[in-house]
Amino acid sequence: MKWNKCLLFLIGSLLIITNVTAQIKPAGTFSFNAGWKFFPGDAAAADPAFNDNTWRQLDLPHDWSIELPFDSTSPTGTGGGALRGGIGWYRKTFTVPASEKEKRVAILFDGVYRNSEVWINGHYLGKRPNGYISFQYELTPYVNFGNASNVIAVKVDNSQQPNSRWYSGSGIYRNVWLTITGKTHVAQWGTYLTTPEVTDKKATAHLRITVNLPAGKNQTVVAATTIYNSGGVEVAKLSSPLTPVQDTTVTLTQKFVINNPVLWSVDRPYLYKAVINIISNGKTVDQYTTPFGVRYFSFDADKGFFLNGKHVKITGVCNHHDLGCLGTAVNTRALERQLQILKGMGINGIRTSHNPPAPELLNLCDKMGFIVMDEAFDMWKQEKNRYDYHLDFDQWYKKDLEDQVVRDRNHPAVFMWSIGNEIQEQWKKGDDTSGAGILRDLHNIVKGLDDRPTVTANNETNPWNVLLHANVTDMIGYNYNHHRWSADSVQKTWGRKPFIITESASALQTRGSYDMPSDSIRRWPLRWDLPVEGANADLTCSAYENCSAPWGGTHIETLKHFLKNDNVSGMFIWTGFDYIGEPTPYPWPARSSYFGIVDLAGFPKDAYYLYQSVFTTNNVLHLFPHWNWKPGETIDMWAYYNNADEVELFINGKSQGVKRKTGDDLHVMWRVKYEPGNVKAVSRKNGKLVMTKEIRTAGAPAKIILTADRSNIKANGEDLSFVTVKIVDRDGNPVPNANDLIIFKIKGEGVIAGVDNGYQADLSSFKADNKKAFRGLALAVVQSNRKAGQIMLTATAAGLQGATIVINAK
Ligand code: GAL
């Protein structure tokens, strides 16, 4: 087994594949991301003789749209982020040593947006329209072994626009893997691990293994599996001979007992792994690893969600897949940072709106303890956009959905399958109730592969919703409609079924922007003076708790309904992070959404602390807004707090009174007159001090402060350090409205992967070496190259004292 691992590792290094992955992956699976050529246009590049010398060299994952300028005439519209799509080609030239001639070679794409077509050495491998699904092609029959080179060519066609309601990105934006195994091997996603019986004392794990074998060969095949706990200690073991061996596909199930199992939960996401060695005629020909968790759960129509027998309220968010200034090019550290920020506010659930996610996201959710609603579609046969997936639905839905479920079903983090978001077939057109048929079909596809509950996300909650009326899915999912969340209302209409809020709120905020008065709730149009289009328009939305889409509600409004209804097993707030595209209701130049609880750069908006004060047990006292106003102006000071029974506010030492939340209040407020100096909140419990928060009037911008989220990163060409730029006055007070232009310079073993400030209507590039601060903050994302050493980032601005920060790449 060890020998085999070594050999496969060696093979990986021998190929012209520089980037051998050290992650837990099936043995013989190697990153195929390095050393591609890219051309932004159409070309006759499938031909292996095509000369790509002048093409740009790059490493995947890659999103070409994020590199383009924002463009008011882009057919993607501001909904698509005002960034163009188009056609692009990728090529990679590589060799495979002659010693591998008897092996099987396959290429796996985690996701290509969209309409990818792939060739090897001029041989057409296939097309995959869906931009979010993973797919594999076998290369074996077409590979040149030995010195002759091979060319993989990939055409990506994202030219028909609009095809998305949000920013999709363009290109091979997820990872690509090359797998080399023996011809007898575990099939693609060929394991299915379930834990049908779980108690504190004992769990059973059933592992179904599908093995592919060459036809007509007489061989003895053994599947030898070992289960390891998270410390790498062997906890169970089994060897099963496979018969008959004449078939080309064999399936077997191994049953294990795990004594005293450690259960997977959101607080302790404990992972085991099953490592299978496929042994043919005495030799290990494939090794395949399946990480898994041991847990059980149930949904109850009246009482909600139970994980391992304990009640857990799912406090989730919806997210789209872009990573802000990095575009959609997947990056594990960027995803991990998002999840860490969300965990910090008490989030324990993620909805992969509205498409299959990157595998790295699910791996992180497994490790970090998130409850995932894994979603397949934003539309079925009826379109939302002229060129969207509805055109491909008939031909591809079955394959796409099956592949998603088979790929993702071993993840302990996955708890539900959403088979559609706000599907137009909710409403019948004339006599057409075909939506019910499609729903049944999709539900049955899922159920044939996995027994986790199905759900659809419905914005129509009236009895004429064709999909809910069909009574097919295991759960009832509502988008919005918070006045109808009670058990009474749901069960009167749809019967006693588990109930979940698949989407809520759609509240809008721009970080650090405040319109007075704060207590009038406004649906859009949010501002009576909504500006006309123009590059200098102020397209900010007040970060007070008072703006929301008409179909949604403010954070506070919806949170109250969430808390008071026990039948609500969970809710996924729209959205955790701002995302590129869908700046509704704002016009150009707004180009990214306002719905996030955290802005596009990763800086929390005020709503973050509202949820933190409710969803976590850490002490929270958040006071806002800032303290730089016109003398005499009337200002609403708000506080979110917990673990205390009162908060007192002081302005320049003078008490403005004590406030207490009463009833279902989630905040307190003082309407005060501004005077320069300081404002301070003090929270107390039983008269004893819990926390204080002070904000001081800031003077003119004087200095830049740089803070890195991590000062040691891996020298692997992928890892990131997120550096926050804060503008402060000469006494170190943050300057709330500073908008100085920051110029970055980088030296050493790294590059600037992106810059941002979180403002939804900023039209400067994410890929430049400068960014104007917005409301006192900016962000630079530093990425290692492959060399170990120091990275020095310097930030300067006219008239300010600059700063330098050192990051070590190891
Ligand atoms: C929902 C939809 C989301 C997003 C949101 C904005 O109706 O499911 O994708 O568009 O509205 O409020």
# chains A, B, ... in the order shown; residues from 1 in each chain; ligands from 1
call {"tool": "residues_around", "arguments": {"residues": "Tyr167 of chain A", "least_positions_apart": "5", "cutoff": "10 Å", "atoms": "only C-alpha atoms", "output": "list in words"}}
result
Ser65, Ile66, Thr76, Gly77, Thr78, Gly79, Gly80, Gly81, Ala82, Leu83, Arg84, Gly85, His320, His321, Asp322, Gly327, Thr328, Tyr579, Ile580, Gly581, Glu582, Arg591 and Ser592 of chain A
call {"tool": "residues_around", "arguments": {"residues": "segment 289-303 of chain A", "least_positions_apart": "3", "cutoff": "7 Å", "atoms": "only C-alpha atoms", "output": "PyMOL selection string"}}
result
chain A and resi 25-26+195+198+263-264+270-276+306-309+410-412+487+496-499+566-567
call {"tool": "residues_near_ligand", "arguments": {"ligand": "ligand 1", "cutoff": "10 Å", "atoms": "only C-alpha atoms and all ligand atoms", "output": "mmCIF file with N, CA, C and O atoms, in the first residue's frame"}}
result
data_model
loop_
_atom_site.group_PDB
_atom_site.id
_atom_site.type_symbol
_atom_site.label_atom_id
_atom_site.label_comp_id
_atom_site.auth_asym_id
_atom_site.auth_seq_id
_atom_site.Cartn_x
_atom_site.Cartn_y
_atom_site.Cartn_z
ATOM 1 N N GLY A 79 -27.127 43.290 -13.573
ATOM 2 C CA GLY A 79 -27.496 42.038 -12.888
ATOM 3 C C GLY A 79 -26.370 41.017 -12.959
ATOM 4 O O GLY A 79 -26.144 40.247 -12.025
ATOM 5 N N ARG A 165 -28.794 35.576 -13.461
ATOM 6 C CA ARG A 165 -29.338 36.702 -12.698
ATOM 7 C C ARG A 165 -28.293 37.314 -11.774
ATOM 8 O O ARG A 165 -28.568 38.275 -11.062
ATOM 9 N N TRP A 166 -27.093 36.719 -11.709
ATOM 10 C CA TRP A 166 -26.017 37.239 -10.868
ATOM 11 C C TRP A 166 -24.725 37.090 -11.659
ATOM 12 O O TRP A 166 -24.717 36.530 -12.769
ATOM 13 N N CYS A 318 -27.604 32.346 2.640
ATOM 14 C CA CYS A 318 -27.418 32.018 1.229
ATOM 15 C C CYS A 318 -26.166 32.768 0.777
ATOM 16 O O CYS A 318 -25.916 33.877 1.225
ATOM 17 N N ASN A 319 -25.418 32.171 -0.122
ATOM 18 C CA ASN A 319 -24.296 32.882 -0.744
ATOM 19 C C ASN A 319 -24.237 32.528 -2.219
ATOM 20 O O ASN A 319 -24.566 31.401 -2.584
ATOM 21 N N HIS A 320 -23.799 33.485 -3.028
ATOM 22 C CA HIS A 320 -23.408 33.138 -4.393
ATOM 23 C C HIS A 320 -21.933 32.740 -4.377
ATOM 24 O O HIS A 320 -21.275 32.813 -3.343
ATOM 25 N N SER A 353 -26.742 28.790 -3.047
ATOM 26 C CA SER A 353 -27.667 29.394 -4.000
ATOM 27 C C SER A 353 -26.938 29.776 -5.289
ATOM 28 O O SER A 353 -25.929 30.435 -5.188
ATOM 29 N N HIS A 354 -27.507 29.460 -6.403
ATOM 30 C CA HIS A 354 -28.600 28.515 -6.650
ATOM 31 C C HIS A 354 -28.063 27.426 -7.553
ATOM 32 O O HIS A 354 -28.580 27.180 -8.632
ATOM 33 N N ASP A 378 -31.778 27.044 -10.563
ATOM 34 C CA ASP A 378 -32.503 28.315 -10.418
ATOM 35 C C ASP A 378 -33.658 28.387 -11.418
ATOM 36 O O ASP A 378 -34.473 29.306 -11.356
ATOM 37 N N GLY A 420 -34.757 23.281 -6.612
ATOM 38 C CA GLY A 420 -35.126 24.434 -7.412
ATOM 39 C C GLY A 420 -35.387 25.668 -6.581
ATOM 40 O O GLY A 420 -35.954 25.592 -5.492
ATOM 41 N N ASN A 421 -34.941 26.806 -7.090
ATOM 42 C CA ASN A 421 -35.210 28.091 -6.450
ATOM 43 C C ASN A 421 -36.205 28.908 -7.254
ATOM 44 O O ASN A 421 -35.985 29.154 -8.442
ATOM 45 N N GLU A 422 -37.255 29.336 -6.609
ATOM 46 C CA GLU A 422 -38.248 30.230 -7.218
ATOM 47 C C GLU A 422 -38.529 29.845 -8.668
ATOM 48 O O GLU A 422 -38.452 30.662 -9.593
ATOM 49 N N ILE A 423 -38.810 28.564 -8.816
ATOM 50 C CA ILE A 423 -39.041 27.985 -10.134
ATOM 51 C C ILE A 423 -40.331 28.561 -10.727
ATOM 52 O O ILE A 423 -41.354 28.641 -10.042
ATOM 53 N N ALA A 457 -37.422 25.950 -3.018
ATOM 54 C CA ALA A 457 -37.488 27.279 -2.417
ATOM 55 C C ALA A 457 -38.600 28.047 -3.121
ATOM 56 O O ALA A 457 -38.464 28.398 -4.288
ATOM 57 N N ASN A 458 -39.711 28.264 -2.398
ATOM 58 C CA ASN A 458 -40.906 28.835 -3.026
ATOM 59 C C ASN A 458 -41.139 30.264 -2.595
ATOM 60 O O ASN A 458 -41.227 30.533 -1.389
ATOM 61 N N ASN A 459 -41.287 31.163 -3.560
ATOM 62 C CA ASN A 459 -41.721 32.509 -3.192
ATOM 63 C C ASN A 459 -43.243 32.635 -3.288
ATOM 64 O O ASN A 459 -43.816 33.572 -2.763
ATOM 65 N N ASN A 479 -39.484 31.020 0.594
ATOM 66 C CA ASN A 479 -38.655 32.218 0.473
ATOM 67 C C ASN A 479 -39.513 33.388 0.945
ATOM 68 O O ASN A 479 -40.652 33.567 0.471
ATOM 69 N N TYR A 480 -38.981 34.163 1.896
ATOM 70 C CA TYR A 480 -39.675 35.377 2.384
ATOM 71 C C TYR A 480 -41.033 35.045 3.024
ATOM 72 O O TYR A 480 -41.164 33.992 3.618
ATOM 73 N N THR A 502 -36.101 28.830 3.246
ATOM 74 C CA THR A 502 -35.012 28.659 2.291
ATOM 75 C C THR A 502 -34.340 29.995 1.952
ATOM 76 O O THR A 502 -33.208 30.020 1.489
ATOM 77 N N GLU A 503 -35.056 31.086 2.197
ATOM 78 C CA GLU A 503 -34.478 32.405 1.890
ATOM 79 C C GLU A 503 -35.260 33.466 2.643
ATOM 80 O O GLU A 503 -36.492 33.403 2.694
ATOM 81 N N SER A 504 -34.547 34.442 3.236
ATOM 82 C CA SER A 504 -35.264 35.475 3.993
ATOM 83 C C SER A 504 -34.569 36.817 3.874
ATOM 84 O O SER A 504 -33.440 36.907 3.400
ATOM 85 N N ALA A 505 -35.258 37.822 4.315
ATOM 86 C CA ALA A 505 -34.749 39.197 4.477
ATOM 87 C C ALA A 505 -34.627 39.965 3.159
ATOM 88 O O ALA A 505 -35.485 40.753 2.817
ATOM 89 N N SER A 506 -33.544 39.764 2.405
ATOM 90 C CA SER A 506 -33.248 40.683 1.303
ATOM 91 C C SER A 506 -33.300 42.124 1.803
ATOM 92 O O SER A 506 -33.953 42.994 1.238
ATOM 93 N N ALA A 507 -32.626 42.327 2.942
ATOM 94 C CA ALA A 507 -32.453 43.679 3.459
ATOM 95 C C ALA A 507 -31.209 44.274 2.800
ATOM 96 O O ALA A 507 -30.342 43.529 2.371
ATOM 97 N N LEU A 508 -31.169 45.594 2.726
ATOM 98 C CA LEU A 508 -30.060 46.227 1.994
ATOM 99 C C LEU A 508 -29.270 47.149 2.897
ATOM 100 O O LEU A 508 -29.850 47.893 3.694
ATOM 101 N N SER A 548 -35.448 47.267 2.841
ATOM 102 C CA SER A 548 -35.530 45.892 2.346
ATOM 103 C C SER A 548 -36.320 45.840 1.056
ATOM 104 O O SER A 548 -37.044 46.764 0.715
ATOM 105 N N ALA A 549 -36.152 44.725 0.366
ATOM 106 C CA ALA A 549 -36.955 44.476 -0.826
ATOM 107 C C ALA A 549 -38.412 44.327 -0.396
ATOM 108 O O ALA A 549 -38.684 43.844 0.702
ATOM 109 N N PRO A 550 -39.343 44.709 -1.268
ATOM 110 C CA PRO A 550 -40.753 44.614 -0.875
ATOM 111 C C PRO A 550 -41.186 43.182 -0.575
ATOM 112 O O PRO A 550 -42.095 42.959 0.222
ATOM 113 N N TRP A 551 -40.546 42.195 -1.192
ATOM 114 C CA TRP A 551 -40.935 40.800 -0.940
ATOM 115 C C TRP A 551 -40.282 40.253 0.330
ATOM 116 O O TRP A 551 -40.640 39.181 0.797
ATOM 117 N N GLY A 552 -39.307 41.015 0.871
ATOM 118 C CA GLY A 552 -38.594 40.512 2.039
ATOM 119 C C GLY A 552 -38.947 41.313 3.278
ATOM 120 O O GLY A 552 -40.092 41.728 3.467
ATOM 121 N N GLY A 553 -37.981 41.509 4.137
ATOM 122 C CA GLY A 553 -38.195 42.293 5.345
ATOM 123 C C GLY A 553 -36.846 42.706 5.882
ATOM 124 O O GLY A 553 -35.811 42.190 5.437
ATOM 125 N N TRP A 574 -30.807 35.943 2.971
ATOM 126 C CA TRP A 574 -30.277 36.467 1.710
ATOM 127 C C TRP A 574 -29.577 37.765 1.996
ATOM 128 O O TRP A 574 -30.246 38.735 2.273
ATOM 129 N N THR A 575 -28.267 37.890 1.954
ATOM 130 C CA THR A 575 -27.211 36.884 1.805
ATOM 131 C C THR A 575 -26.151 37.109 2.883
ATOM 132 O O THR A 575 -26.133 38.166 3.494
ATOM 133 N N GLY A 581 -22.990 41.619 -9.104
ATOM 134 C CA GLY A 581 -24.253 41.517 -9.842
ATOM 135 C C GLY A 581 -25.441 41.797 -8.934
ATOM 136 O O GLY A 581 -25.288 42.002 -7.726
ATOM 137 N N GLU A 582 -26.609 41.839 -9.536
ATOM 138 C CA GLU A 582 -27.888 42.070 -8.850
ATOM 139 C C GLU A 582 -27.842 43.213 -7.829
ATOM 140 O O GLU A 582 -28.124 43.013 -6.637
ATOM 141 N N PRO A 583 -27.525 44.448 -8.298
ATOM 142 C CA PRO A 583 -27.522 45.577 -7.366
ATOM 143 C C PRO A 583 -28.917 46.130 -7.085
ATOM 144 O O PRO A 583 -29.047 47.223 -6.529
ATOM 145 N N THR A 584 -29.948 45.387 -7.432
ATOM 146 C CA THR A 584 -31.338 45.788 -7.254
ATOM 147 C C THR A 584 -31.538 46.538 -5.943
ATOM 148 O O THR A 584 -31.074 46.036 -4.928
ATOM 149 N N PRO A 585 -32.188 47.659 -5.895
ATOM 150 C CA PRO A 585 -32.894 48.348 -6.968
ATOM 151 C C PRO A 585 -32.081 49.461 -7.623
ATOM 152 O O PRO A 585 -32.643 50.288 -8.316
ATOM 153 N N SER A 593 -24.290 43.556 -5.289
ATOM 154 C CA SER A 593 -25.513 43.531 -4.480
ATOM 155 C C SER A 593 -25.339 44.266 -3.166
ATOM 156 O O SER A 593 -24.227 44.484 -2.684
ATOM 157 N N TYR A 594 -26.463 44.640 -2.575
ATOM 158 C CA TYR A 594 -26.514 45.339 -1.292
ATOM 159 C C TYR A 594 -27.039 44.418 -0.190
ATOM 160 O O TYR A 594 -27.249 44.828 0.930
ATOM 161 N N PHE A 595 -27.304 43.146 -0.532
ATOM 162 C CA PHE A 595 -28.030 42.268 0.389
ATOM 163 C C PHE A 595 -27.147 41.664 1.483
ATOM 164 O O PHE A 595 -27.653 41.111 2.454
#
call {"tool": "residues_around", "arguments": {"residues": "Val598 of chain A", "least_positions_apart": "4", "cutoff": "10 Å", "atoms": "only C-alpha atoms", "output": "PyMOL selection string"}}
result
chain A and resi 338+341-342+509-511+575-579+594+602-608+758
call {"tool": "atom_distance", "arguments": {"atom1": "atom CA of Val446 of chain A", "atom2": "atom CA of Phe256 of chain A"}}
result
25.2 Å
call {"tool": "closest_atom_pairs", "arguments": {"of": "segment 71-181 of chain A", "to": "segment 48-64 of chain A", "cutoff": "12 Å", "atoms": "only C-alpha atoms", "output": "Markdown table"}}
result
| residue | atom | partner | partner_atom | distance |
| --- | --- | --- | --- | --- |
| A:Leu83 | CA | A:Trp64 | CA | 9.7 |
| A:Arg84 | CA | A:Trp64 | CA | 9.1 |
| A:Gly85 | CA | A:Trp64 | CA | 8.1 |
| A:Gly86 | CA | A:Trp64 | CA | 9.3 |
| A:Ile87 | CA | A:Trp64 | CA | 9.8 |
| A:Gly88 | CA | A:Trp64 | CA | 8.3 |
| A:Trp89 | CA | A:Trp55 | CA | 9.6 |
| A:Tyr90 | CA | A:Trp55 | CA | 9.2 |
| A:Arg91 | CA | A:Asp52 | CA | 8.0 |
| A:Lys92 | CA | A:Gln57 | CA | 9.6 |
| A:Thr93 | CA | A:Pro48 | CA | 9.2 |
| A:Phe94 | CA | A:Pro48 | CA | 11.8 |
| A:Phe109 | CA | A:Pro61 | CA | 10.3 |
| A:Asp110 | CA | A:Pro61 | CA | 9.9 |
| A:Gly111 | CA | A:Pro61 | CA | 9.6 |
| A:Val112 | CA | A:Pro61 | CA | 9.5 |
| A:Tyr113 | CA | A:Asp63 | CA | 8.8 |
| A:Arg114 | CA | A:Asp63 | CA | 11.3 |
| A:Trp119 | CA | A:Pro48 | CA | 9.0 |
| A:Ile120 | CA | A:Pro48 | CA | 8.0 |
| A:Asn121 | CA | A:Pro48 | CA | 5.2 |
| A:Gly122 | CA | A:Pro48 | CA | 5.6 |
| A:His123 | CA | A:Pro48 | CA | 9.2 |
| A:Tyr124 | CA | A:Pro48 | CA | 11.5 |
| A:Ala148 | CA | A:Pro48 | CA | 11.8 |
| A:Ser149 | CA | A:Pro48 | CA | 9.5 |
| A:Asn150 | CA | A:Pro48 | CA | 7.9 |
| A:Val151 | CA | A:Pro48 | CA | 6.0 |
| A:Ile152 | CA | A:Pro48 | CA | 8.3 |
| A:Ala153 | CA | A:Pro48 | CA | 8.2 |
| A:Val154 | CA | A:Pro48 | CA | 11.8 |
| A:Val156 | CA | A:Trp64 | CA | 10.7 |
| A:Asp157 | CA | A:Trp64 | CA | 11.9 |
| A:Asn158 | CA | A:Trp64 | CA | 10.7 |
| A:Tyr167 | CA | A:Asp63 | CA | 11.2 |
| A:Ser168 | CA | A:Asp63 | CA | 9.3 |
| A:Gly169 | CA | A:Asp63 | CA | 5.6 |
| A:Ser170 | CA | A:Asp63 | CA | 5.1 |
| A:Gly171 | CA | A:Asp63 | CA | 5.2 |
| A:Ile172 | CA | A:His62 | CA | 5.6 |
| A:Tyr173 | CA | A:Pro61 | CA | 4.5 |
| A:Arg174 | CA | A:Pro61 | CA | 5.0 |
| A:Asn175 | CA | A:Pro61 | CA | 5.6 |
| A:Val176 | CA | A:Leu60 | CA | 7.7 |
| A:Trp177 | CA | A:Leu60 | CA | 10.7 |
call {"tool": "closest_residue", "arguments": {"among": "A:Ala809, A:Leu720, A:Ala700, A:Ala681", "to": "Glu336 of chain A", "atoms": "only C-alpha atoms"}}
result
A:Leu720
call {"tool": "atom_distance", "arguments": {"atom1": "atom CA of Pro40 of chain A", "atom2": "atom CA of Asp392 of chain A"}}
result
24.3 Å
call {"tool": "select_by_dssp", "arguments": {"residues": "segment 501-592 of chain A", "states": "helix (DSSP H, G or I)", "output": "PDB file with N, CA, C and O atoms, in the first residue's frame"}}
result
ATOM      1  N   HIS A 555     -33.761  42.890   8.581  1.00  0.00           N
ATOM      2  CA  HIS A 555     -33.170  41.814   9.369  1.00  0.00           C
ATOM      3  C   HIS A 555     -33.946  41.624  10.671  1.00  0.00           C
ATOM      4  O   HIS A 555     -34.258  40.502  11.067  1.00  0.00           O
ATOM      5  N   ILE A 556     -34.240  42.751  11.337  1.00  0.00           N
ATOM      6  CA  ILE A 556     -34.913  42.656  12.636  1.00  0.00           C
ATOM      7  C   ILE A 556     -36.308  42.051  12.492  1.00  0.00           C
ATOM      8  O   ILE A 556     -36.686  41.139  13.238  1.00  0.00           O
ATOM      9  N   GLU A 557     -37.044  42.539  11.494  1.00  0.00           N
ATOM     10  CA  GLU A 557     -38.408  42.017  11.269  1.00  0.00           C
ATOM     11  C   GLU A 557     -38.400  40.499  11.085  1.00  0.00           C
ATOM     12  O   GLU A 557     -39.138  39.769  11.736  1.00  0.00           O
ATOM     13  N   THR A 558     -37.543  40.031  10.174  1.00  0.00           N
ATOM     14  CA  THR A 558     -37.571  38.609   9.846  1.00  0.00           C
ATOM     15  C   THR A 558     -36.997  37.765  10.984  1.00  0.00           C
ATOM     16  O   THR A 558     -37.480  36.673  11.264  1.00  0.00           O
ATOM     17  N   LEU A 559     -35.989  38.306  11.658  1.00  0.00           N
ATOM     18  CA  LEU A 559     -35.380  37.577  12.763  1.00  0.00           C
ATOM     19  C   LEU A 559     -36.406  37.334  13.880  1.00  0.00           C
ATOM     20  O   LEU A 559     -36.437  36.257  14.488  1.00  0.00           O
ATOM     21  N   LYS A 560     -37.265  38.304  14.114  1.00  0.00           N
ATOM     22  CA  LYS A 560     -38.291  38.136  15.161  1.00  0.00           C
ATOM     23  C   LYS A 560     -39.222  36.975  14.815  1.00  0.00           C
ATOM     24  O   LYS A 560     -39.571  36.176  15.685  1.00  0.00           O
ATOM     25  N   HIS A 561     -39.613  36.886  13.568  1.00  0.00           N
ATOM     26  CA  HIS A 561     -40.499  35.788  13.162  1.00  0.00           C
ATOM     27  C   HIS A 561     -39.769  34.446  13.242  1.00  0.00           C
ATOM     28  O   HIS A 561     -40.361  33.427  13.596  1.00  0.00           O
ATOM     29  N   PHE A 562     -38.516  34.459  12.904  1.00  0.00           N
ATOM     30  CA  PHE A 562     -37.692  33.246  12.996  1.00  0.00           C
ATOM     31  C   PHE A 562     -37.634  32.747  14.436  1.00  0.00           C
ATOM     32  O   PHE A 562     -37.783  31.558  14.712  1.00  0.00           O
ATOM     33  N   LEU A 563     -37.439  33.681  15.364  1.00  0.00           N
ATOM     34  CA  LEU A 563     -37.254  33.294  16.760  1.00  0.00           C
ATOM     35  C   LEU A 563     -38.540  32.817  17.410  1.00  0.00           C
ATOM     36  O   LEU A 563     -38.521  31.961  18.283  1.00  0.00           O
ATOM     37  N   LYS A 564     -39.663  33.369  16.955  1.00  0.00           N
ATOM     38  CA  LYS A 564     -40.888  33.033  17.699  1.00  0.00           C
ATOM     39  C   LYS A 564     -41.599  31.788  17.180  1.00  0.00           C
ATOM     40  O   LYS A 564     -42.508  31.291  17.838  1.00  0.00           O
TER      41      LYS A 564
END
